[in-house]
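Quick look at target_35.txt (compact mmCIF, C-alpha atoms):
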# COMPACT_ATOMS: atom_id res chain seq x y z
CA MET S 1 -35.01 -121.58 22.61
CA ASP S 2 -36.09 -124.82 20.97
CA ARG S 3 -34.59 -128.15 21.79
CA ARG S 4 -32.47 -128.41 18.64
CA ARG S 5 -30.79 -125.07 19.13
CA PHE S 6 -30.19 -125.80 22.80
CA LEU S 7 -28.43 -129.08 21.94
CA ALA S 8 -26.30 -127.45 19.28
CA GLY S 9 -25.29 -124.71 21.71
CA THR S 10 -24.40 -127.19 24.43
CA ALA S 11 -22.29 -129.25 22.04
CA THR S 12 -20.33 -126.14 21.03
CA ALA S 13 -19.79 -125.19 24.67
CA ILE S 14 -18.51 -128.67 25.55
CA GLY S 15 -16.25 -128.58 22.51
CA ALA S 16 -14.77 -125.29 23.66
CA ILE S 17 -14.11 -126.62 27.17
CA VAL S 18 -12.41 -129.75 25.86
CA VAL S 19 -10.15 -127.78 23.56
CA LEU S 20 -9.04 -125.17 26.09
CA PRO S 21 -6.68 -127.13 28.38
CA LEU S 22 -4.41 -127.99 25.43
CA GLY S 23 -3.55 -124.40 24.72
CA THR S 24 -0.74 -123.93 27.24
CA ALA S 25 2.87 -124.89 26.75
CA SER S 26 2.44 -127.31 23.88
CA ALA S 27 1.49 -127.06 20.26
CA THR S 28 -2.17 -127.73 19.70
CA PRO S 29 -4.11 -129.26 16.86
CA GLU S 30 -4.80 -125.65 15.86
CA ALA S 31 -1.09 -124.80 15.95
CA MET S 32 -0.46 -127.83 13.77
CA ALA S 33 -3.21 -126.74 11.38
CA GLY S 34 -1.60 -123.29 11.31
CA ALA S 35 1.84 -124.73 10.57
CA ILE S 36 0.35 -126.86 7.80
CA ARG S 37 -1.45 -123.82 6.34
CA LYS S 38 1.86 -121.97 6.25
CA VAL S 39 3.33 -124.72 4.08
CA VAL S 40 0.42 -125.51 1.79
CA GLY S 41 -1.08 -122.02 1.51
CA ALA S 42 -4.51 -122.13 -0.07
CA SER S 43 -3.90 -125.46 -1.83
CA GLN S 44 -6.04 -128.44 -1.12
CA VAL S 45 -4.43 -131.33 0.78
CA ARG S 46 -5.64 -134.75 -0.27
CA GLU S 47 -5.24 -137.99 1.61
CA GLY S 48 -3.31 -140.70 -0.15
CA ARG S 49 -0.06 -141.53 -1.94
CA VAL S 50 1.83 -140.95 1.32
CA SER S 51 2.51 -143.67 3.83
CA LEU S 52 3.66 -142.83 7.31
CA ASP S 53 5.25 -145.68 9.22
CA LEU S 54 5.74 -145.39 12.91
CA PRO S 55 4.91 -147.71 15.78
CA PRO S 56 1.33 -147.32 17.06
CA LEU S 57 2.44 -147.85 20.64
CA VAL S 58 5.69 -146.30 21.86
CA GLU S 59 7.25 -147.01 25.20
CA ASN S 60 9.86 -144.30 25.09
CA GLY S 61 8.93 -141.05 23.35
CA SER S 62 12.50 -139.82 23.13
CA THR S 63 13.38 -141.91 20.06
CA VAL S 64 10.58 -143.00 17.79
CA PRO S 65 11.51 -144.36 14.37
CA LEU S 66 9.53 -142.79 11.55
CA VAL S 67 9.57 -143.44 7.81
CA VAL S 68 7.64 -141.44 5.25
CA SER S 69 7.33 -142.93 1.80
CA VAL S 70 5.49 -141.35 -1.08
CA GLU S 71 4.38 -142.98 -4.31
CA SER S 72 6.02 -141.06 -7.11
CA PRO S 73 7.91 -141.85 -10.33
CA MET S 74 10.59 -139.36 -9.16
CA ARG S 75 11.38 -138.23 -12.72
CA GLU S 76 12.00 -134.72 -14.03
CA ALA S 77 8.39 -134.42 -15.13
CA ASP S 78 6.84 -135.57 -11.88
CA TYR S 79 8.60 -135.84 -8.56
CA ILE S 80 8.14 -135.13 -4.88
CA LYS S 81 9.63 -131.77 -4.03
CA ALA S 82 9.28 -131.86 -0.28
CA ILE S 83 8.06 -133.93 2.62
CA HIS S 84 6.85 -132.13 5.73
CA VAL S 85 6.06 -133.77 9.05
CA PHE S 86 3.98 -132.16 11.79
CA ASN S 87 2.87 -133.11 15.28
CA GLU S 88 0.03 -132.03 17.50
CA LYS S 89 1.35 -131.87 21.03
CA ASN S 90 5.11 -131.37 21.14
CA PRO S 91 6.13 -127.82 22.11
CA GLN S 92 6.37 -126.91 18.41
CA PRO S 93 4.23 -128.23 15.57
CA ASN S 94 7.04 -128.76 13.04
CA VAL S 95 9.10 -131.94 13.04
CA PHE S 96 11.07 -131.72 9.80
CA THR S 97 10.97 -130.62 6.20
CA ALA S 98 12.93 -132.66 3.70
CA ARG S 99 13.57 -131.41 0.17
CA LEU S 100 13.99 -133.98 -2.53
CA GLY S 101 14.26 -134.20 -6.27
CA PRO S 102 14.47 -136.62 -9.18
CA ARG S 103 18.02 -137.54 -8.12
CA ASN S 104 16.63 -139.32 -5.08
CA GLY S 105 14.95 -142.01 -7.16
CA ARG S 106 12.61 -142.82 -4.33
CA ALA S 107 10.62 -140.44 -2.19
CA VAL S 108 11.41 -142.11 1.11
CA VAL S 109 12.82 -140.42 4.20
CA GLY S 110 13.50 -142.05 7.54
CA THR S 111 14.50 -140.52 10.85
CA ARG S 112 13.85 -140.76 14.58
CA ILE S 113 11.70 -138.25 16.40
CA LYS S 114 10.71 -137.22 19.91
CA LEU S 115 7.13 -137.34 21.10
CA GLY S 116 6.04 -135.44 24.20
CA ASP S 117 2.65 -137.12 24.42
CA SER S 118 0.26 -139.49 22.69
CA GLN S 119 -0.75 -137.65 19.58
CA LYS S 120 -1.40 -137.51 15.88
CA ILE S 121 1.46 -137.14 13.40
CA VAL S 122 0.81 -135.78 9.94
CA ALA S 123 3.05 -136.12 6.89
CA ILE S 124 2.48 -133.96 3.84
CA ALA S 125 4.17 -134.46 0.49
CA GLU S 126 4.47 -131.69 -2.06
CA THR S 127 4.70 -132.73 -5.71
CA SER S 128 6.64 -130.87 -8.39
CA GLY S 129 3.26 -129.94 -9.85
CA GLY S 130 2.28 -128.19 -6.62
CA GLN S 131 -0.17 -130.78 -5.32
CA PHE S 132 -0.25 -131.82 -1.69
CA TRP S 133 -0.87 -135.34 -0.42
CA SER S 134 -1.01 -136.41 3.19
CA ALA S 135 -1.16 -139.25 5.64
CA SER S 136 -1.57 -139.27 9.39
CA ALA S 137 -0.94 -141.71 12.19
CA ASP S 138 -1.96 -141.83 15.83
CA VAL S 139 0.70 -142.80 18.32
CA ILE S 140 0.28 -143.74 21.95
CA VAL S 141 3.29 -142.83 24.08
CA THR S 142 3.67 -144.37 27.53
CA LEU S 143 6.82 -142.50 28.56
CA ALA S 144 7.10 -139.05 27.06
CA ALA S 145 10.21 -137.25 25.88
CA CYS S 146 10.98 -133.72 27.18
CA LEU S 147 9.53 -134.29 30.63
CA ASP S 148 12.62 -135.92 32.07
CA GLU S 149 15.08 -133.64 33.76
CA ALA S 150 18.50 -133.50 32.25
CA THR S 151 21.09 -135.31 34.30
CA MET T 1 34.35 -134.45 18.90
CA ALA T 2 31.58 -135.10 16.58
CA ASN T 3 31.13 -138.70 15.73
CA VAL T 4 29.48 -139.66 12.51
CA LEU T 5 28.36 -143.02 11.22
CA VAL T 6 27.48 -143.29 7.55
CA ASN T 7 26.13 -146.35 5.86
CA ALA T 8 26.23 -146.31 2.06
CA PRO T 9 27.19 -148.99 -0.47
CA LYS T 10 30.79 -148.79 -1.73
CA THR T 11 29.77 -149.86 -5.21
CA ALA T 12 26.56 -149.55 -7.15
CA LYS T 13 25.26 -150.35 -10.61
CA ARG T 14 24.73 -147.34 -12.86
CA GLY T 15 21.19 -146.07 -12.53
CA SER T 16 20.38 -148.12 -9.46
CA ILE T 17 18.87 -146.53 -6.39
CA VAL T 18 21.00 -146.71 -3.26
CA GLU T 19 20.05 -145.98 0.32
CA ILE T 20 22.24 -143.68 2.39
CA LYS T 21 21.93 -143.67 6.16
CA ALA T 22 23.65 -141.18 8.40
CA LEU T 23 23.87 -140.91 12.15
CA ILE T 24 25.59 -138.18 14.11
CA LEU T 25 26.29 -137.80 17.80
CA HIS T 26 24.48 -134.71 19.04
CA PRO T 27 22.35 -133.97 22.13
CA MET T 28 19.55 -132.17 20.20
CA GLU T 29 18.77 -130.16 23.32
CA THR T 30 15.26 -128.84 22.79
CA GLY T 31 15.42 -125.63 24.82
CA PHE T 32 12.29 -126.64 26.71
CA ARG T 33 13.80 -128.75 29.48
CA PRO T 34 14.90 -127.53 32.89
CA GLY T 35 18.39 -128.55 33.98
CA PRO T 36 19.45 -129.75 37.44
CA ASN T 37 19.49 -126.12 38.67
CA GLY T 38 15.89 -125.59 37.53
CA ARG T 39 16.84 -123.28 34.71
CA ILE T 40 15.96 -124.04 31.12
CA ILE T 41 18.86 -125.57 29.22
CA PRO T 42 19.45 -123.41 26.14
CA ARG T 43 18.47 -124.88 22.80
CA ASN T 44 21.25 -126.67 20.96
CA ILE T 45 20.09 -128.56 17.91
CA ILE T 46 21.17 -129.43 14.42
CA GLU T 47 19.04 -127.28 12.16
CA ARG T 48 19.97 -128.58 8.77
CA PHE T 49 21.31 -131.69 7.10
CA THR T 50 22.30 -131.60 3.45
CA ALA T 51 23.67 -134.21 1.10
CA THR T 52 25.50 -133.64 -2.16
CA TRP T 53 26.58 -136.02 -4.92
CA ASN T 54 29.77 -134.76 -6.57
CA GLY T 55 28.92 -131.31 -5.32
CA THR T 56 25.32 -131.20 -6.53
CA GLU T 57 22.78 -131.00 -3.76
CA ILE T 58 20.48 -134.03 -3.77
CA PHE T 59 18.83 -133.93 -0.37
CA ASP T 60 18.18 -131.39 2.34
CA MET T 61 16.42 -131.66 5.65
CA GLU T 62 15.41 -128.90 8.04
CA MET T 63 15.28 -130.26 11.56
CA SER T 64 13.37 -129.09 14.61
CA PRO T 65 13.85 -129.88 18.31
CA ALA T 66 11.42 -132.79 17.72
CA ILE T 67 14.19 -134.77 16.04
CA ALA T 68 15.58 -137.31 18.50
CA ALA T 69 19.04 -136.95 20.04
CA ASN T 70 21.82 -138.33 17.82
CA PRO T 71 19.87 -137.56 14.65
CA PHE T 72 19.48 -140.39 12.19
CA VAL T 73 18.48 -139.74 8.59
CA SER T 74 17.98 -142.18 5.75
CA PHE T 75 17.25 -141.29 2.16
CA PHE T 76 17.75 -142.63 -1.35
CA ALA T 77 19.82 -141.51 -4.30
CA VAL T 78 20.19 -142.55 -7.91
CA ALA T 79 23.73 -143.80 -8.55
CA SER T 80 24.37 -141.76 -11.68
CA GLU T 81 28.15 -141.54 -11.65
CA SER T 82 31.09 -142.50 -9.48
CA GLY T 83 31.96 -139.91 -6.93
CA THR T 84 31.69 -138.71 -3.42
CA VAL T 85 28.63 -138.16 -1.37
CA GLY T 86 29.11 -135.16 0.89
CA LEU T 87 27.08 -134.89 4.07
CA ARG T 88 26.90 -131.72 6.10
CA TRP T 89 25.23 -130.99 9.40
CA THR T 90 24.87 -127.43 10.66
CA GLY T 91 23.25 -126.16 13.81
CA ASP T 92 23.20 -123.98 16.88
CA GLU T 93 26.39 -122.71 18.50
CA GLY T 94 28.23 -122.80 15.18
CA PHE T 95 27.96 -126.54 14.83
CA VAL T 96 29.32 -127.71 11.46
CA VAL T 97 30.33 -131.25 10.61
CA GLU T 98 31.15 -132.62 7.20
CA GLU T 99 31.64 -136.18 6.10
CA ARG T 100 32.34 -137.75 2.73
CA VAL T 101 31.85 -141.23 1.43
CA ALA T 102 32.95 -142.56 -1.94
CA ILE T 103 30.64 -144.59 -4.15
CA ALA T 104 31.98 -146.35 -7.22
CA VAL T 105 29.41 -146.71 -9.98
CA GLU T 106 29.92 -149.47 -12.54
Show me the file's structure as structure tokens.
Amino acid sequence: MDRRRFLAGTATAIGAIVVLPLGTASATPEAMAGAIRKVVGASQVREGRVSLDLPPLVENGSTVPLVVSVESPMREADYIKAIHVFNEKNPQPNVFTARLGPRNGRAVVGTRIKLGDSQKIVAIAETSGGQFWSASADVIVTLAACLDEAT
Amino acid sequence: MANVLVNAPKTAKRGSIVEIKALILHPMETGFRPGPNGRIIPRNIIERFTATWNGTEIFDMEMSPAIAANPFVSFFAVASESGTVGLRWTGDEGFVVEERVAIAVE
């Protein structure tokens, strides 16, 4: 085995080890990718047009404000049909799916979400023409939701 | 039992875009947490929130357990005609709550 192939093999092995521990009780980046695939199908997802606002550092993961806004004229000819939000490490990859139309005037949706861990959040907007645009944000959570026992 | 707080303008200019904010009291129990007895508390969430303007659906949101307790939703709507905005939350254990607010369009 030459040096190059050895290094490539080692890198793959390390990659596999790093990925494994995530695959237990929580959604994984792969689960998120799977959930996204289910929504977008074979379409290409491009970055842009979507802005995802949420605090970069969260003290309490049980209520995290989140606003997704998408650039769109929101007219009959061209509007945002749906906004999907996904997470990487909560127990399930889906957060919400909002369906909109030209009667909304603005493609902006706000809510509050729970985060079980520091992770990446992805928002995907679906246009009336069937295109997909996305944005992502990394959030650091110091006190996670879900872990606390109910009282 | 269900408490709802809706924030929407009472009046709006024709064609303007208004923001509607809605908050509802609900535990949004995820179904992943153990209770005091160590057993998992069964899932109890709001699954769907829909908004109508004079009966026509204008907004719909499918929620997951990742939505925080006491779900808050804000969205926009074009004030096309005077009327009522109907908000409806449905969820586990037969949860259904409806609320209406009137908006006068000038």
For atom CA of Val40 of chain S and atom CA of Ser134 of chain S, the interatomic separation in Å (one decimal): 11.1 Å
May I ask which of the residues S:Arg46, S:Lys120, S:Arg112, S:Arg106 is the closest one to Lys89 of chain S, counting all atoms listed in the file?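 Selected residue with least distance to Lys89 of chain S: S:Lys120.
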Two-atom distance - atom CA of Asn104 of chain S, atom CA of Ala135 of chain S (Å):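 According to the coordinates, atom CA of Asn104 of chain S and atom CA of Ala135 of chain S are separated by 20.8 Å.
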Contact residues around segment 65-74 of chain T with only C-alpha atoms at 9 Å, ignoring same-chain residues under 6 positions, as a count of residues only: 40
Counting only C-alpha atoms, closest pick from T:Val18, T:Pro9, T:Asn3, T:Met63 relative to chain S is T:Met63
List the neighbours of Val139 of chain S out to 8 Å using only C-alpha atoms; skip same-chain residues closer than 3 positions along the sequence, and give me the result as a PyMOL selection string. chain S and resi 54-58+118-121
Quote the spacing between atom CA of Asp78 of chain S and atom CA of Ala125 of chain S in Å to one decimal place. 12.7 Å
Give me the residues near segment 55-59 of chain T as a PyMOL selection string, where near means some atom within 9 Å (using all atoms listed in the file) and where sequence neighbours in that chain fewer than 2 positions away do not count. (chain S and resi 98-104) or (chain T and resi 49-53+61+75-77+84-86)
So that all listed atoms of segment 66-76 of chain S fit with 3 Å spare on each side, what axis-aligned box centre and edge lengths in Å, to one decimal, would you give as AutoDock Vina command-line options?
--center_x 8.2 --center_y -139.1 --center_z -1.2 --size_x 13.6 --size_y 14.7 --size_z 31.6
Would you pick out the contacts of segment 30-32 of chain S at 7 Å or less, using all atoms listed in the file, so that residues sharing its chain but fewer than 3 positions from it are not included, and give the list as a PyMOL selection string? chain S and resi 27+35-36+86-88+93
Restricting it to C-alpha atoms, dump the selection as a CSV table (one decimal), in the frame of the given file.
chain,number,residue,atom,x,y,z
S,27,ALA,CA,1.5,-127.1,20.3
S,35,ALA,CA,1.8,-124.7,10.6
S,36,ILE,CA,0.4,-126.9,7.8
S,86,PHE,CA,4.0,-132.2,11.8
S,87,ASN,CA,2.9,-133.1,15.3
S,88,GLU,CA,0.0,-132.0,17.5
S,93,PRO,CA,4.2,-128.2,15.6
Which of these residues is nearest to chain T, using all atoms listed in the file: S:Thr28, S:Ser136, S:Ser43, S:Thr97? S:Thr97
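Distance annotation: of S:Ile80, S:Gly105, S:Met74, S:Pro65, the residue with the minimal separation from chain T is S:Gly105; atom set is all atoms listed in the file.
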Point (27.0, -144.4, 0.9), cut-off 7 Å, counting all atoms listed in the file, residues as a ChimeraX atom specification: /T:6-10,20,85,101-103
Option closest in space to chain T, from S:Ser51, S:Gln44, S:Ser128, S:Asn60 [counting only C-alpha atoms]: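 Answer, going by the shortest atom-to-atom distance: S:Asn60.
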Emit segment 47-89 of chain S of the structure in the block as a file comprising N, CA and C atoms, as a compact mmCIF listing (two decimals), in the first residue's frame.
# COMPACT_ATOMS: atom_id res chain seq x y z
N GLU S 47 -28.19 27.49 -2.04
CA GLU S 47 -28.09 28.39 -0.90
C GLU S 47 -28.48 29.78 -1.36
N GLY S 48 -29.18 30.50 -0.51
CA GLY S 48 -29.52 31.88 -0.83
C GLY S 48 -31.00 32.15 -0.70
N ARG S 49 -31.35 33.40 -0.85
CA ARG S 49 -32.73 33.91 -0.77
C ARG S 49 -33.40 33.71 0.58
N VAL S 50 -32.92 32.75 1.36
CA VAL S 50 -33.53 32.46 2.66
C VAL S 50 -32.65 33.06 3.74
N SER S 51 -33.27 33.70 4.74
CA SER S 51 -32.45 34.06 5.89
C SER S 51 -33.06 33.47 7.15
N LEU S 52 -32.20 32.90 7.93
CA LEU S 52 -32.61 32.16 9.12
C LEU S 52 -32.04 32.89 10.32
N ASP S 53 -32.94 33.49 11.10
CA ASP S 53 -32.50 34.27 12.26
C ASP S 53 -32.74 33.49 13.52
N LEU S 54 -31.67 33.16 14.21
CA LEU S 54 -31.82 32.65 15.56
C LEU S 54 -30.54 32.94 16.30
N PRO S 55 -30.61 33.06 17.63
CA PRO S 55 -29.41 33.48 18.35
C PRO S 55 -28.28 32.46 18.20
N PRO S 56 -27.04 32.92 18.00
CA PRO S 56 -25.93 31.99 17.84
C PRO S 56 -25.60 31.25 19.14
N LEU S 57 -25.88 31.89 20.26
CA LEU S 57 -25.59 31.27 21.55
C LEU S 57 -26.86 31.28 22.38
N VAL S 58 -27.31 30.10 22.80
CA VAL S 58 -28.57 29.98 23.50
C VAL S 58 -28.31 29.43 24.89
N GLU S 59 -28.87 30.09 25.89
CA GLU S 59 -28.65 29.60 27.24
C GLU S 59 -29.62 28.50 27.59
N ASN S 60 -30.86 28.66 27.13
CA ASN S 60 -31.88 27.67 27.45
C ASN S 60 -32.47 27.12 26.16
N GLY S 61 -32.21 25.85 25.89
CA GLY S 61 -32.65 25.25 24.64
C GLY S 61 -34.14 24.99 24.57
N SER S 62 -34.88 25.23 25.66
CA SER S 62 -36.29 24.86 25.58
C SER S 62 -37.17 25.92 24.90
N THR S 63 -36.69 27.15 24.78
CA THR S 63 -37.41 28.10 23.91
C THR S 63 -36.39 28.96 23.19
N VAL S 64 -36.26 28.72 21.92
CA VAL S 64 -35.31 29.47 21.10
C VAL S 64 -36.08 30.17 19.99
N PRO S 65 -36.07 31.50 19.99
CA PRO S 65 -36.81 32.21 18.93
C PRO S 65 -36.16 31.99 17.58
N LEU S 66 -36.99 31.80 16.57
CA LEU S 66 -36.48 31.53 15.22
C LEU S 66 -37.37 32.25 14.21
N VAL S 67 -36.75 32.93 13.28
CA VAL S 67 -37.51 33.58 12.20
C VAL S 67 -36.89 33.20 10.87
N VAL S 68 -37.73 32.74 9.97
CA VAL S 68 -37.27 32.42 8.62
C VAL S 68 -37.89 33.44 7.68
N SER S 69 -37.07 34.16 6.94
CA SER S 69 -37.64 35.06 5.94
C SER S 69 -37.02 34.74 4.58
N VAL S 70 -37.87 34.79 3.59
CA VAL S 70 -37.44 34.42 2.24
C VAL S 70 -37.74 35.59 1.30
N GLU S 71 -36.78 35.90 0.46
CA GLU S 71 -36.99 36.95 -0.54
C GLU S 71 -37.90 36.39 -1.61
N SER S 72 -39.04 37.07 -1.79
CA SER S 72 -39.97 36.61 -2.82
C SER S 72 -40.98 37.72 -3.06
N PRO S 73 -41.41 37.92 -4.32
CA PRO S 73 -42.45 38.92 -4.57
C PRO S 73 -43.80 38.51 -3.98
N MET S 74 -43.99 37.23 -3.70
CA MET S 74 -45.25 36.70 -3.17
C MET S 74 -46.45 37.14 -4.01
N ARG S 75 -46.35 36.95 -5.32
CA ARG S 75 -47.48 37.21 -6.22
C ARG S 75 -47.87 35.89 -6.88
N GLU S 76 -49.06 35.89 -7.48
CA GLU S 76 -49.57 34.67 -8.10
C GLU S 76 -48.54 33.96 -8.96
N ALA S 77 -47.75 34.77 -9.70
CA ALA S 77 -46.81 34.18 -10.65
C ALA S 77 -45.59 33.57 -9.96
N ASP S 78 -45.24 34.11 -8.82
CA ASP S 78 -44.01 33.66 -8.16
C ASP S 78 -44.12 33.87 -6.66
N TYR S 79 -44.31 32.80 -5.94
CA TYR S 79 -44.41 32.93 -4.49
C TYR S 79 -43.73 31.75 -3.81
N ILE S 80 -43.61 31.86 -2.51
CA ILE S 80 -43.02 30.77 -1.73
C ILE S 80 -44.17 29.88 -1.27
N LYS S 81 -44.08 28.62 -1.62
CA LYS S 81 -45.15 27.67 -1.34
C LYS S 81 -45.02 27.10 0.07
N ALA S 82 -43.78 26.85 0.47
CA ALA S 82 -43.59 26.23 1.78
C ALA S 82 -42.22 26.57 2.34
N ILE S 83 -42.17 26.58 3.66
CA ILE S 83 -40.90 26.75 4.36
C ILE S 83 -40.75 25.55 5.29
N HIS S 84 -39.64 24.85 5.16
CA HIS S 84 -39.38 23.69 6.01
C HIS S 84 -38.17 23.98 6.88
N VAL S 85 -38.23 23.57 8.14
CA VAL S 85 -37.07 23.73 9.02
C VAL S 85 -36.68 22.37 9.58
N PHE S 86 -35.38 22.11 9.57
CA PHE S 86 -34.84 20.83 10.04
C PHE S 86 -33.74 21.06 11.06
N ASN S 87 -33.52 20.05 11.91
CA ASN S 87 -32.42 20.13 12.86
C ASN S 87 -31.62 18.84 12.78
N GLU S 88 -30.43 18.90 13.35
CA GLU S 88 -29.51 17.77 13.27
C GLU S 88 -29.61 16.82 14.45
N LYS S 89 -29.81 17.34 15.65
CA LYS S 89 -29.59 16.49 16.82
C LYS S 89 -30.74 16.36 17.78
